file protein-v5.txt (compact mmCIF, N, CA and C atoms)
# COMPACT_ATOMS: atom_id res chain seq x y z
N MET A 1 -76.16 50.92 26.97
CA MET A 1 -75.13 51.84 27.46
C MET A 1 -74.47 52.50 26.27
N THR A 2 -74.34 53.83 26.33
CA THR A 2 -73.74 54.53 25.21
C THR A 2 -72.31 54.98 25.49
N GLY A 3 -71.92 55.08 26.75
CA GLY A 3 -70.56 55.48 27.10
C GLY A 3 -69.73 54.26 27.42
N SER A 4 -68.65 54.48 28.12
CA SER A 4 -67.84 53.35 28.56
C SER A 4 -67.36 53.60 29.98
N TYR A 5 -67.22 52.52 30.70
CA TYR A 5 -66.78 52.61 32.09
C TYR A 5 -65.27 52.86 32.14
N ASP A 6 -64.86 53.71 33.05
CA ASP A 6 -63.44 53.86 33.36
C ASP A 6 -63.14 52.83 34.45
N LEU A 7 -62.80 51.62 34.02
CA LEU A 7 -62.68 50.50 34.95
C LEU A 7 -61.58 50.71 35.98
N ASP A 8 -60.49 51.33 35.58
CA ASP A 8 -59.41 51.58 36.54
C ASP A 8 -59.89 52.54 37.63
N ARG A 9 -60.47 53.64 37.23
CA ARG A 9 -60.96 54.63 38.21
C ARG A 9 -62.05 54.03 39.10
N MET A 10 -62.98 53.33 38.49
CA MET A 10 -64.07 52.74 39.27
C MET A 10 -63.55 51.68 40.24
N GLY A 11 -62.55 50.93 39.81
CA GLY A 11 -61.96 49.92 40.70
C GLY A 11 -61.33 50.56 41.92
N ILE A 12 -60.64 51.67 41.72
CA ILE A 12 -60.02 52.39 42.83
C ILE A 12 -61.10 52.94 43.77
N ILE A 13 -62.14 53.53 43.19
CA ILE A 13 -63.23 54.09 44.01
C ILE A 13 -63.89 53.00 44.84
N MET A 14 -64.21 51.87 44.20
CA MET A 14 -64.87 50.78 44.93
C MET A 14 -63.97 50.21 46.02
N ALA A 15 -62.68 50.11 45.74
CA ALA A 15 -61.74 49.63 46.77
C ALA A 15 -61.69 50.62 47.94
N ASP A 16 -61.73 51.91 47.64
CA ASP A 16 -61.76 52.92 48.70
C ASP A 16 -63.01 52.76 49.56
N ILE A 17 -64.16 52.61 48.91
CA ILE A 17 -65.42 52.45 49.64
C ILE A 17 -65.35 51.23 50.55
N GLU A 18 -64.87 50.13 50.02
CA GLU A 18 -64.78 48.90 50.83
C GLU A 18 -63.81 49.09 51.99
N ARG A 19 -62.71 49.81 51.76
CA ARG A 19 -61.74 50.06 52.84
C ARG A 19 -62.36 50.95 53.92
N TYR A 20 -63.05 52.01 53.51
CA TYR A 20 -63.68 52.89 54.49
C TYR A 20 -64.74 52.15 55.30
N LEU A 21 -65.49 51.27 54.65
CA LEU A 21 -66.48 50.48 55.39
C LEU A 21 -65.80 49.58 56.42
N ARG A 22 -64.69 48.94 56.02
CA ARG A 22 -63.93 48.10 56.97
C ARG A 22 -63.39 48.95 58.12
N ASP A 23 -62.79 50.09 57.77
CA ASP A 23 -62.21 50.97 58.79
C ASP A 23 -63.29 51.42 59.77
N PHE A 24 -64.46 51.76 59.24
CA PHE A 24 -65.53 52.21 60.12
C PHE A 24 -66.00 51.08 61.03
N ARG A 25 -66.14 49.91 60.48
CA ARG A 25 -66.59 48.77 61.31
C ARG A 25 -65.61 48.47 62.44
N GLU A 26 -64.33 48.71 62.20
CA GLU A 26 -63.32 48.49 63.24
C GLU A 26 -63.55 49.40 64.45
N LEU A 27 -64.23 50.52 64.25
CA LEU A 27 -64.52 51.42 65.37
C LEU A 27 -65.61 50.85 66.29
N LYS A 28 -66.35 49.88 65.80
CA LYS A 28 -67.39 49.18 66.59
C LYS A 28 -68.39 50.16 67.21
N ILE A 29 -68.94 51.01 66.38
CA ILE A 29 -69.92 51.98 66.84
C ILE A 29 -71.31 51.38 66.67
N GLU A 30 -71.98 51.21 67.79
CA GLU A 30 -73.32 50.62 67.77
C GLU A 30 -74.35 51.50 68.46
N ARG A 31 -73.90 52.42 69.28
CA ARG A 31 -74.83 53.29 70.02
C ARG A 31 -74.16 54.66 70.22
N VAL A 32 -74.96 55.62 70.57
CA VAL A 32 -74.47 56.99 70.75
C VAL A 32 -73.31 57.02 71.76
N GLY A 33 -73.39 56.24 72.80
CA GLY A 33 -72.35 56.22 73.82
C GLY A 33 -70.98 55.83 73.28
N ASP A 34 -70.95 55.09 72.18
CA ASP A 34 -69.68 54.69 71.58
C ASP A 34 -68.96 55.87 70.94
N LEU A 35 -69.64 57.01 70.84
CA LEU A 35 -69.06 58.19 70.20
C LEU A 35 -68.69 59.28 71.21
N GLN A 36 -68.67 58.96 72.49
CA GLN A 36 -68.36 59.96 73.51
C GLN A 36 -66.88 60.34 73.51
N ASP A 37 -66.03 59.39 73.16
CA ASP A 37 -64.60 59.68 73.07
C ASP A 37 -64.36 60.56 71.84
N LYS A 38 -63.65 61.68 72.03
CA LYS A 38 -63.42 62.62 70.93
C LYS A 38 -62.70 61.98 69.75
N LYS A 39 -61.69 61.18 70.04
CA LYS A 39 -60.95 60.56 68.94
C LYS A 39 -61.86 59.68 68.10
N THR A 40 -62.70 58.90 68.74
CA THR A 40 -63.61 58.03 68.01
C THR A 40 -64.63 58.86 67.23
N PHE A 41 -65.15 59.90 67.85
CA PHE A 41 -66.14 60.76 67.20
C PHE A 41 -65.55 61.38 65.93
N TYR A 42 -64.36 61.97 66.06
CA TYR A 42 -63.76 62.63 64.90
C TYR A 42 -63.28 61.64 63.85
N ALA A 43 -62.77 60.49 64.27
CA ALA A 43 -62.37 59.46 63.31
C ALA A 43 -63.59 58.97 62.54
N ALA A 44 -64.67 58.71 63.26
CA ALA A 44 -65.90 58.24 62.62
C ALA A 44 -66.41 59.27 61.62
N SER A 45 -66.40 60.53 62.02
CA SER A 45 -66.87 61.61 61.15
C SER A 45 -66.05 61.68 59.87
N MET A 46 -64.74 61.59 59.99
CA MET A 46 -63.88 61.70 58.81
C MET A 46 -64.02 60.49 57.90
N ILE A 47 -64.11 59.31 58.47
CA ILE A 47 -64.29 58.11 57.65
C ILE A 47 -65.61 58.21 56.89
N LEU A 48 -66.68 58.60 57.58
CA LEU A 48 -67.97 58.71 56.92
C LEU A 48 -67.96 59.76 55.81
N PHE A 49 -67.33 60.89 56.07
CA PHE A 49 -67.24 61.93 55.05
C PHE A 49 -66.51 61.41 53.81
N SER A 50 -65.39 60.73 54.03
CA SER A 50 -64.62 60.17 52.93
C SER A 50 -65.41 59.10 52.19
N LEU A 51 -66.07 58.24 52.94
CA LEU A 51 -66.88 57.18 52.35
C LEU A 51 -67.99 57.76 51.47
N LEU A 52 -68.72 58.72 52.01
CA LEU A 52 -69.83 59.28 51.25
C LEU A 52 -69.36 60.04 50.01
N ASN A 53 -68.23 60.69 50.09
CA ASN A 53 -67.68 61.34 48.89
C ASN A 53 -67.34 60.31 47.82
N ARG A 54 -66.79 59.18 48.21
CA ARG A 54 -66.43 58.15 47.23
C ARG A 54 -67.67 57.48 46.65
N VAL A 55 -68.73 57.34 47.44
CA VAL A 55 -69.99 56.80 46.92
C VAL A 55 -70.55 57.74 45.85
N ILE A 56 -70.48 59.04 46.13
CA ILE A 56 -70.91 60.03 45.14
C ILE A 56 -70.05 59.92 43.89
N ASP A 57 -68.75 59.78 44.06
CA ASP A 57 -67.85 59.62 42.91
C ASP A 57 -68.24 58.40 42.07
N LEU A 58 -68.53 57.29 42.74
CA LEU A 58 -68.90 56.07 42.02
C LEU A 58 -70.21 56.28 41.26
N GLY A 59 -71.19 56.87 41.93
CA GLY A 59 -72.45 57.13 41.24
C GLY A 59 -72.24 58.02 40.02
N ASN A 60 -71.42 59.03 40.16
CA ASN A 60 -71.14 59.93 39.05
C ASN A 60 -70.44 59.22 37.91
N GLU A 61 -69.52 58.31 38.23
CA GLU A 61 -68.84 57.52 37.19
C GLU A 61 -69.86 56.72 36.37
N VAL A 62 -70.82 56.12 37.05
CA VAL A 62 -71.83 55.33 36.34
C VAL A 62 -72.71 56.24 35.49
N VAL A 63 -73.12 57.37 36.04
CA VAL A 63 -73.93 58.32 35.29
C VAL A 63 -73.20 58.75 34.02
N MET A 64 -71.91 59.06 34.14
CA MET A 64 -71.14 59.48 32.97
C MET A 64 -70.99 58.34 31.96
N ALA A 65 -70.67 57.14 32.46
CA ALA A 65 -70.45 56.00 31.57
C ALA A 65 -71.71 55.65 30.79
N LYS A 66 -72.85 55.79 31.44
CA LYS A 66 -74.12 55.44 30.79
C LYS A 66 -74.76 56.64 30.10
N SER A 67 -74.07 57.77 30.11
CA SER A 67 -74.57 59.00 29.47
C SER A 67 -76.00 59.32 29.91
N LEU A 68 -76.22 59.34 31.22
CA LEU A 68 -77.55 59.56 31.77
C LEU A 68 -77.90 61.03 31.93
N GLY A 69 -76.95 61.90 31.72
CA GLY A 69 -77.18 63.33 31.88
C GLY A 69 -76.10 63.94 32.74
N ILE A 70 -76.26 65.22 32.99
CA ILE A 70 -75.30 65.95 33.82
C ILE A 70 -76.02 66.37 35.09
N PRO A 71 -75.75 65.68 36.19
CA PRO A 71 -76.45 66.02 37.43
C PRO A 71 -76.04 67.39 37.96
N ALA A 72 -77.03 68.14 38.41
CA ALA A 72 -76.76 69.47 38.97
C ALA A 72 -76.43 69.39 40.45
N THR A 73 -76.83 68.29 41.10
CA THR A 73 -76.58 68.12 42.53
C THR A 73 -76.14 66.67 42.78
N TYR A 74 -75.59 66.44 43.96
CA TYR A 74 -75.22 65.07 44.32
C TYR A 74 -76.46 64.18 44.37
N ARG A 75 -77.55 64.70 44.90
CA ARG A 75 -78.78 63.91 44.97
C ARG A 75 -79.26 63.50 43.59
N GLU A 76 -79.08 64.38 42.61
CA GLU A 76 -79.56 64.09 41.27
C GLU A 76 -78.81 62.91 40.64
N ILE A 77 -77.59 62.67 41.07
CA ILE A 77 -76.86 61.49 40.58
C ILE A 77 -77.71 60.24 40.83
N PHE A 78 -78.25 60.15 42.03
CA PHE A 78 -78.98 58.95 42.41
C PHE A 78 -80.39 58.94 41.83
N THR A 79 -80.93 60.11 41.53
CA THR A 79 -82.21 60.17 40.81
C THR A 79 -82.01 59.62 39.39
N LEU A 80 -80.93 60.01 38.75
CA LEU A 80 -80.64 59.51 37.41
C LEU A 80 -80.43 57.99 37.42
N LEU A 81 -79.77 57.50 38.46
CA LEU A 81 -79.55 56.05 38.56
C LEU A 81 -80.88 55.32 38.82
N LYS A 82 -81.76 55.94 39.59
CA LYS A 82 -83.09 55.35 39.80
C LYS A 82 -83.86 55.32 38.49
N ASN A 83 -83.82 56.43 37.76
CA ASN A 83 -84.52 56.49 36.48
C ASN A 83 -84.00 55.46 35.49
N GLU A 84 -82.73 55.12 35.61
CA GLU A 84 -82.10 54.11 34.75
C GLU A 84 -82.45 52.69 35.21
N GLY A 85 -82.98 52.57 36.43
CA GLY A 85 -83.33 51.26 36.96
C GLY A 85 -82.21 50.58 37.73
N MET A 86 -81.13 51.31 37.98
CA MET A 86 -80.01 50.71 38.73
C MET A 86 -80.29 50.62 40.22
N ILE A 87 -81.06 51.57 40.74
CA ILE A 87 -81.46 51.54 42.14
C ILE A 87 -82.97 51.78 42.20
N ASP A 88 -83.58 51.36 43.28
CA ASP A 88 -85.02 51.57 43.42
C ASP A 88 -85.29 52.89 44.16
N ALA A 89 -86.57 53.23 44.26
CA ALA A 89 -86.96 54.51 44.87
C ALA A 89 -86.56 54.58 46.34
N GLU A 90 -86.67 53.47 47.06
CA GLU A 90 -86.30 53.45 48.48
C GLU A 90 -84.80 53.70 48.65
N THR A 91 -84.00 53.10 47.80
CA THR A 91 -82.55 53.30 47.85
C THR A 91 -82.21 54.75 47.50
N GLU A 92 -82.91 55.32 46.55
CA GLU A 92 -82.69 56.72 46.21
C GLU A 92 -82.96 57.60 47.42
N LYS A 93 -84.03 57.33 48.16
CA LYS A 93 -84.35 58.10 49.37
C LYS A 93 -83.25 57.96 50.41
N LYS A 94 -82.73 56.75 50.56
CA LYS A 94 -81.64 56.54 51.52
C LYS A 94 -80.39 57.29 51.10
N PHE A 95 -80.09 57.29 49.80
CA PHE A 95 -78.94 58.06 49.33
C PHE A 95 -79.17 59.55 49.57
N SER A 96 -80.37 60.01 49.41
CA SER A 96 -80.68 61.41 49.67
C SER A 96 -80.38 61.75 51.13
N ARG A 97 -80.77 60.87 52.03
CA ARG A 97 -80.46 61.09 53.45
C ARG A 97 -78.96 61.08 53.68
N LEU A 98 -78.26 60.13 53.08
CA LEU A 98 -76.81 60.05 53.25
C LEU A 98 -76.13 61.32 52.72
N ILE A 99 -76.59 61.83 51.61
CA ILE A 99 -76.01 63.05 51.06
C ILE A 99 -76.29 64.23 51.99
N GLY A 100 -77.46 64.24 52.62
CA GLY A 100 -77.74 65.28 53.62
C GLY A 100 -76.73 65.23 54.75
N TYR A 101 -76.43 64.02 55.22
CA TYR A 101 -75.43 63.88 56.28
C TYR A 101 -74.04 64.26 55.77
N ARG A 102 -73.74 63.91 54.53
CA ARG A 102 -72.44 64.29 53.95
C ARG A 102 -72.31 65.81 53.93
N ASN A 103 -73.37 66.48 53.53
CA ASN A 103 -73.34 67.95 53.49
C ASN A 103 -73.22 68.54 54.88
N LEU A 104 -73.85 67.92 55.85
CA LEU A 104 -73.72 68.35 57.24
C LEU A 104 -72.26 68.20 57.69
N LEU A 105 -71.66 67.06 57.36
CA LEU A 105 -70.25 66.84 57.72
C LEU A 105 -69.34 67.86 57.03
N SER A 106 -69.69 68.24 55.82
CA SER A 106 -68.85 69.14 55.04
C SER A 106 -69.03 70.60 55.43
N HIS A 107 -70.28 71.02 55.59
CA HIS A 107 -70.56 72.45 55.72
C HIS A 107 -70.99 72.90 57.12
N GLU A 108 -71.45 71.97 57.92
CA GLU A 108 -71.95 72.31 59.26
C GLU A 108 -71.29 71.41 60.30
N TYR A 109 -70.00 71.17 60.12
CA TYR A 109 -69.31 70.20 60.97
C TYR A 109 -69.49 70.50 62.45
N HIS A 110 -69.51 71.76 62.80
CA HIS A 110 -69.66 72.15 64.21
C HIS A 110 -71.00 71.71 64.79
N GLY A 111 -71.97 71.40 63.93
CA GLY A 111 -73.29 71.01 64.41
C GLY A 111 -73.51 69.51 64.46
N ILE A 112 -72.53 68.74 64.07
CA ILE A 112 -72.67 67.28 64.06
C ILE A 112 -72.77 66.76 65.49
N GLN A 113 -73.73 65.89 65.71
CA GLN A 113 -73.93 65.26 67.01
C GLN A 113 -73.73 63.75 66.87
N PRO A 114 -73.41 63.08 67.96
CA PRO A 114 -73.27 61.63 67.90
C PRO A 114 -74.49 60.93 67.28
N ALA A 115 -75.68 61.44 67.52
CA ALA A 115 -76.89 60.83 66.95
C ALA A 115 -76.87 60.92 65.41
N ASP A 116 -76.27 61.98 64.86
CA ASP A 116 -76.15 62.10 63.41
C ASP A 116 -75.24 61.01 62.85
N ILE A 117 -74.13 60.79 63.54
CA ILE A 117 -73.20 59.74 63.11
C ILE A 117 -73.90 58.38 63.18
N LEU A 118 -74.62 58.15 64.24
CA LEU A 118 -75.31 56.87 64.40
C LEU A 118 -76.37 56.69 63.30
N ALA A 119 -77.01 57.76 62.89
CA ALA A 119 -78.00 57.66 61.81
C ALA A 119 -77.34 57.17 60.52
N VAL A 120 -76.13 57.63 60.25
CA VAL A 120 -75.40 57.17 59.07
C VAL A 120 -75.01 55.71 59.23
N VAL A 121 -74.59 55.34 60.44
CA VAL A 121 -74.22 53.94 60.70
C VAL A 121 -75.36 53.02 60.30
N ASN A 122 -76.58 53.44 60.60
CA ASN A 122 -77.74 52.62 60.30
C ASN A 122 -78.07 52.54 58.81
N LEU A 123 -77.35 53.30 57.99
CA LEU A 123 -77.55 53.28 56.54
C LEU A 123 -76.35 52.73 55.78
N LEU A 124 -75.36 52.19 56.48
CA LEU A 124 -74.13 51.76 55.81
C LEU A 124 -74.32 50.57 54.88
N ASP A 125 -75.43 49.85 55.02
CA ASP A 125 -75.69 48.76 54.08
C ASP A 125 -75.97 49.30 52.68
N VAL A 126 -76.40 50.55 52.57
CA VAL A 126 -76.75 51.13 51.27
C VAL A 126 -75.51 51.29 50.38
N PRO A 127 -74.43 51.92 50.85
CA PRO A 127 -73.24 52.00 49.98
C PRO A 127 -72.65 50.62 49.66
N GLN A 128 -72.70 49.72 50.62
CA GLN A 128 -72.16 48.38 50.38
C GLN A 128 -72.96 47.69 49.28
N ALA A 129 -74.27 47.77 49.34
CA ALA A 129 -75.11 47.16 48.31
C ALA A 129 -74.92 47.85 46.96
N PHE A 130 -74.68 49.17 46.99
CA PHE A 130 -74.47 49.91 45.75
C PHE A 130 -73.21 49.44 45.04
N VAL A 131 -72.16 49.19 45.78
CA VAL A 131 -70.93 48.67 45.18
C VAL A 131 -71.21 47.34 44.49
N ALA A 132 -71.96 46.48 45.15
CA ALA A 132 -72.30 45.18 44.55
C ALA A 132 -73.13 45.37 43.28
N THR A 133 -74.06 46.32 43.31
CA THR A 133 -74.89 46.62 42.14
C THR A 133 -74.03 47.11 40.99
N VAL A 134 -73.11 48.00 41.27
CA VAL A 134 -72.24 48.54 40.22
C VAL A 134 -71.34 47.44 39.66
N LYS A 135 -70.78 46.62 40.52
CA LYS A 135 -69.94 45.51 40.03
C LYS A 135 -70.73 44.60 39.10
N ALA A 136 -71.97 44.29 39.47
CA ALA A 136 -72.80 43.43 38.62
C ALA A 136 -73.12 44.11 37.29
N ALA A 137 -73.39 45.43 37.32
CA ALA A 137 -73.69 46.17 36.09
C ALA A 137 -72.48 46.21 35.17
N VAL A 138 -71.31 46.44 35.74
CA VAL A 138 -70.09 46.48 34.93
C VAL A 138 -69.84 45.11 34.30
N LYS A 139 -70.00 44.08 35.08
CA LYS A 139 -69.81 42.71 34.57
C LYS A 139 -70.79 42.43 33.43
N ARG A 140 -72.04 42.78 33.64
CA ARG A 140 -73.08 42.56 32.63
C ARG A 140 -72.81 43.38 31.37
N ASP A 141 -72.45 44.65 31.56
CA ASP A 141 -72.30 45.55 30.42
C ASP A 141 -71.00 45.35 29.64
N THR A 142 -69.99 44.84 30.31
CA THR A 142 -68.67 44.71 29.65
C THR A 142 -68.24 43.26 29.45
N GLY A 143 -68.87 42.36 30.17
CA GLY A 143 -68.45 40.96 30.11
C GLY A 143 -67.21 40.71 30.95
N ASN A 144 -66.78 41.74 31.73
CA ASN A 144 -65.61 41.59 32.60
C ASN A 144 -66.04 41.06 33.95
N SER A 145 -65.15 40.34 34.61
CA SER A 145 -65.46 39.86 35.96
C SER A 145 -64.78 40.62 37.02
call {"tool": "encode", "arguments": {"input": "protein-v5.txt", "output": "structure tokens"}}
result
Amino acid sequence: MTGSYDLDRMGIIMADIERYLRDFRELKIERVGDLQDKKTFYAASMILFSLLNRVIDLGNEVVMAKSLGIPATYREIFTLLKNEGMIDAETEKKFSRLIGYRNLLSHEYHGIQPADILAVVNLLDVPQAFVATVKAAVKRDTGNS
């Protein structure tokens, strides 16, 4: 590693991700029918948008700390992390899908369907595992717990 981690910023980002995951789980969305209520649909959409933005932030923090390059796109953040060996190719593909949904939430919100939200629900283990991976990398690289 040639850079240094901004531990305070990364700690806040990881805490946000964990909070958004908890908040989303409280909605108990397991099937498309669980998203028929407008309040639940819009709450789920906003939580997911916030969660995915923070996952991107965390990935970018690692890319900067490890001086892996300057990503031109959100997807490239995770390509750089794959090239570094922090995530595998399958995880990179899942992040690419998540970023596609994030962009849909951001730029095509009117086109979001309950099935889109459910597709993200089925990928929520990816950000959770990424937080664990980053925590382990920080611990290994800095000797901090």
call {"tool": "closest_residue", "arguments": {"input": "protein-v5.txt", "among": "A:Arg9, A:Lys135, A:His110, A:Lys94", "to": "Lys82 of chain A", "atoms": "only C-alpha atoms"}}
result
A:Lys94
call {"tool": "closest_residue", "arguments": {"input": "protein-v5.txt", "among": "A:Asp6, A:Asp125, A:Asp23, A:Asp116", "to": "Asn60 of chain A", "atoms": "only C-alpha atoms"}}
result
A:Asp6
call {"tool": "residues_around", "arguments": {"input": "protein-v5.txt", "residues": "segment 65-77 of chain A", "least_positions_apart": "6", "cutoff": "8 Å", "atoms": "all atoms listed in the file", "output": "list in words"}}
result
Met1, Thr2, Gly3, Ser4, Tyr5, Asp6, Ile56, Gly59, Asn83, Glu84, Glu92, Phe95, Ser96, Arg97, Ile99 and Gly100 of chain A
call {"tool": "residues_around", "arguments": {"input": "protein-v5.txt", "residues": "Ala115 of chain A", "least_positions_apart": "3", "cutoff": "8 Å", "atoms": "only N, CA and C atoms", "output": "MDAnalysis selection string"}}
result
chainID A and resid 31:33 35 112 118:121
call {"tool": "write_last_selection", "arguments": {"input": "protein-v5.txt", "atoms": "N, CA and C atoms", "output": "short mmCIF file (atom, residue, chain, number, x, y, z; two decimals), keeping the file's coordinate frame"}}
result
data_model
loop_
_atom_site.label_atom_id
_atom_site.label_comp_id
_atom_site.auth_asym_id
_atom_site.auth_seq_id
_atom_site.Cartn_x
_atom_site.Cartn_y
_atom_site.Cartn_z
N ARG A 31 -73.90 52.42 69.28
CA ARG A 31 -74.83 53.29 70.02
C ARG A 31 -74.16 54.66 70.22
N VAL A 32 -74.96 55.62 70.57
CA VAL A 32 -74.47 56.99 70.75
C VAL A 32 -73.31 57.02 71.76
N GLY A 33 -73.39 56.24 72.80
CA GLY A 33 -72.35 56.22 73.82
C GLY A 33 -70.98 55.83 73.28
N LEU A 35 -69.64 57.01 70.84
CA LEU A 35 -69.06 58.19 70.20
C LEU A 35 -68.69 59.28 71.21
N ILE A 112 -72.53 68.74 64.07
CA ILE A 112 -72.67 67.28 64.06
C ILE A 112 -72.77 66.76 65.49
N LEU A 118 -74.62 58.15 64.24
CA LEU A 118 -75.31 56.87 64.40
C LEU A 118 -76.37 56.69 63.30
N ALA A 119 -77.01 57.76 62.89
CA ALA A 119 -78.00 57.66 61.81
C ALA A 119 -77.34 57.17 60.52
N VAL A 120 -76.13 57.63 60.25
CA VAL A 120 -75.40 57.17 59.07
C VAL A 120 -75.01 55.71 59.23
N VAL A 121 -74.59 55.34 60.44
CA VAL A 121 -74.22 53.94 60.70
C VAL A 121 -75.36 53.02 60.30
#
call {"tool": "atom_distance", "arguments": {"input": "protein-v5.txt", "atom1": "atom C of Leu104 of chain A", "atom2": "atom C of Ser45 of chain A"}}
result
9.3 Å
call {"tool": "closest_residue", "arguments": {"input": "protein-v5.txt", "among": "A:Tyr101, A:Ile47, A:Leu81, A:Phe24", "to": "Val62 of chain A", "atoms": "all atoms listed in the file"}}
result
A:Leu81
call {"tool": "atom_distance", "arguments": {"input": "protein-v5.txt", "atom1": "atom CA of Gly111 of chain A", "atom2": "atom CA of Ala89 of chain A"}}
result
29.0 Å
call {"tool": "closest_residue", "arguments": {"input": "protein-v5.txt", "among": "A:Leu7, A:Met46, A:Leu21, A:Ile13", "to": "Leu124 of chain A", "atoms": "all atoms listed in the file"}}
result
A:Leu21
call {"tool": "atom_distance", "arguments": {"input": "protein-v5.txt", "atom1": "atom CA of Ala129 of chain A", "atom2": "atom N of Lys93 of chain A"}}
result
13.5 Å
call {"tool": "select_by_dssp", "arguments": {"input": "protein-v5.txt", "residues": "segment 28-131 of chain A", "states": "alpha helix (DSSP H)", "output": "PyMOL selection string"}}
result
chain A and resi 38-65+74-84+89-107+114-121+125-131
call {"tool": "residues_near_point", "arguments": {"input": "protein-v5.txt", "point": "(-65.1, 59.1, 45.9)", "cutoff": "8 Å", "atoms": "all atoms listed in the file", "output": "list in words"}}
result
Ile12, Ile13, Met14, Asp16, Ile17, Ser50, Leu51, Leu52, Asn53, Arg54, Val55, Ile56, Asp57, Leu58 and Gly59 of chain A
call {"tool": "closest_residue", "arguments": {"input": "protein-v5.txt", "among": "A:Val126, A:Met64, A:Ala132, A:Phe41", "to": "Glu90 of chain A", "atoms": "only C-alpha atoms"}}
result
A:Val126
call {"tool": "closest_residue", "arguments": {"input": "protein-v5.txt", "among": "A:Ser106, A:Pro127, A:Val138, A:Glu18", "to": "Glu61 of chain A", "atoms": "only C-alpha atoms"}}
result
A:Val138
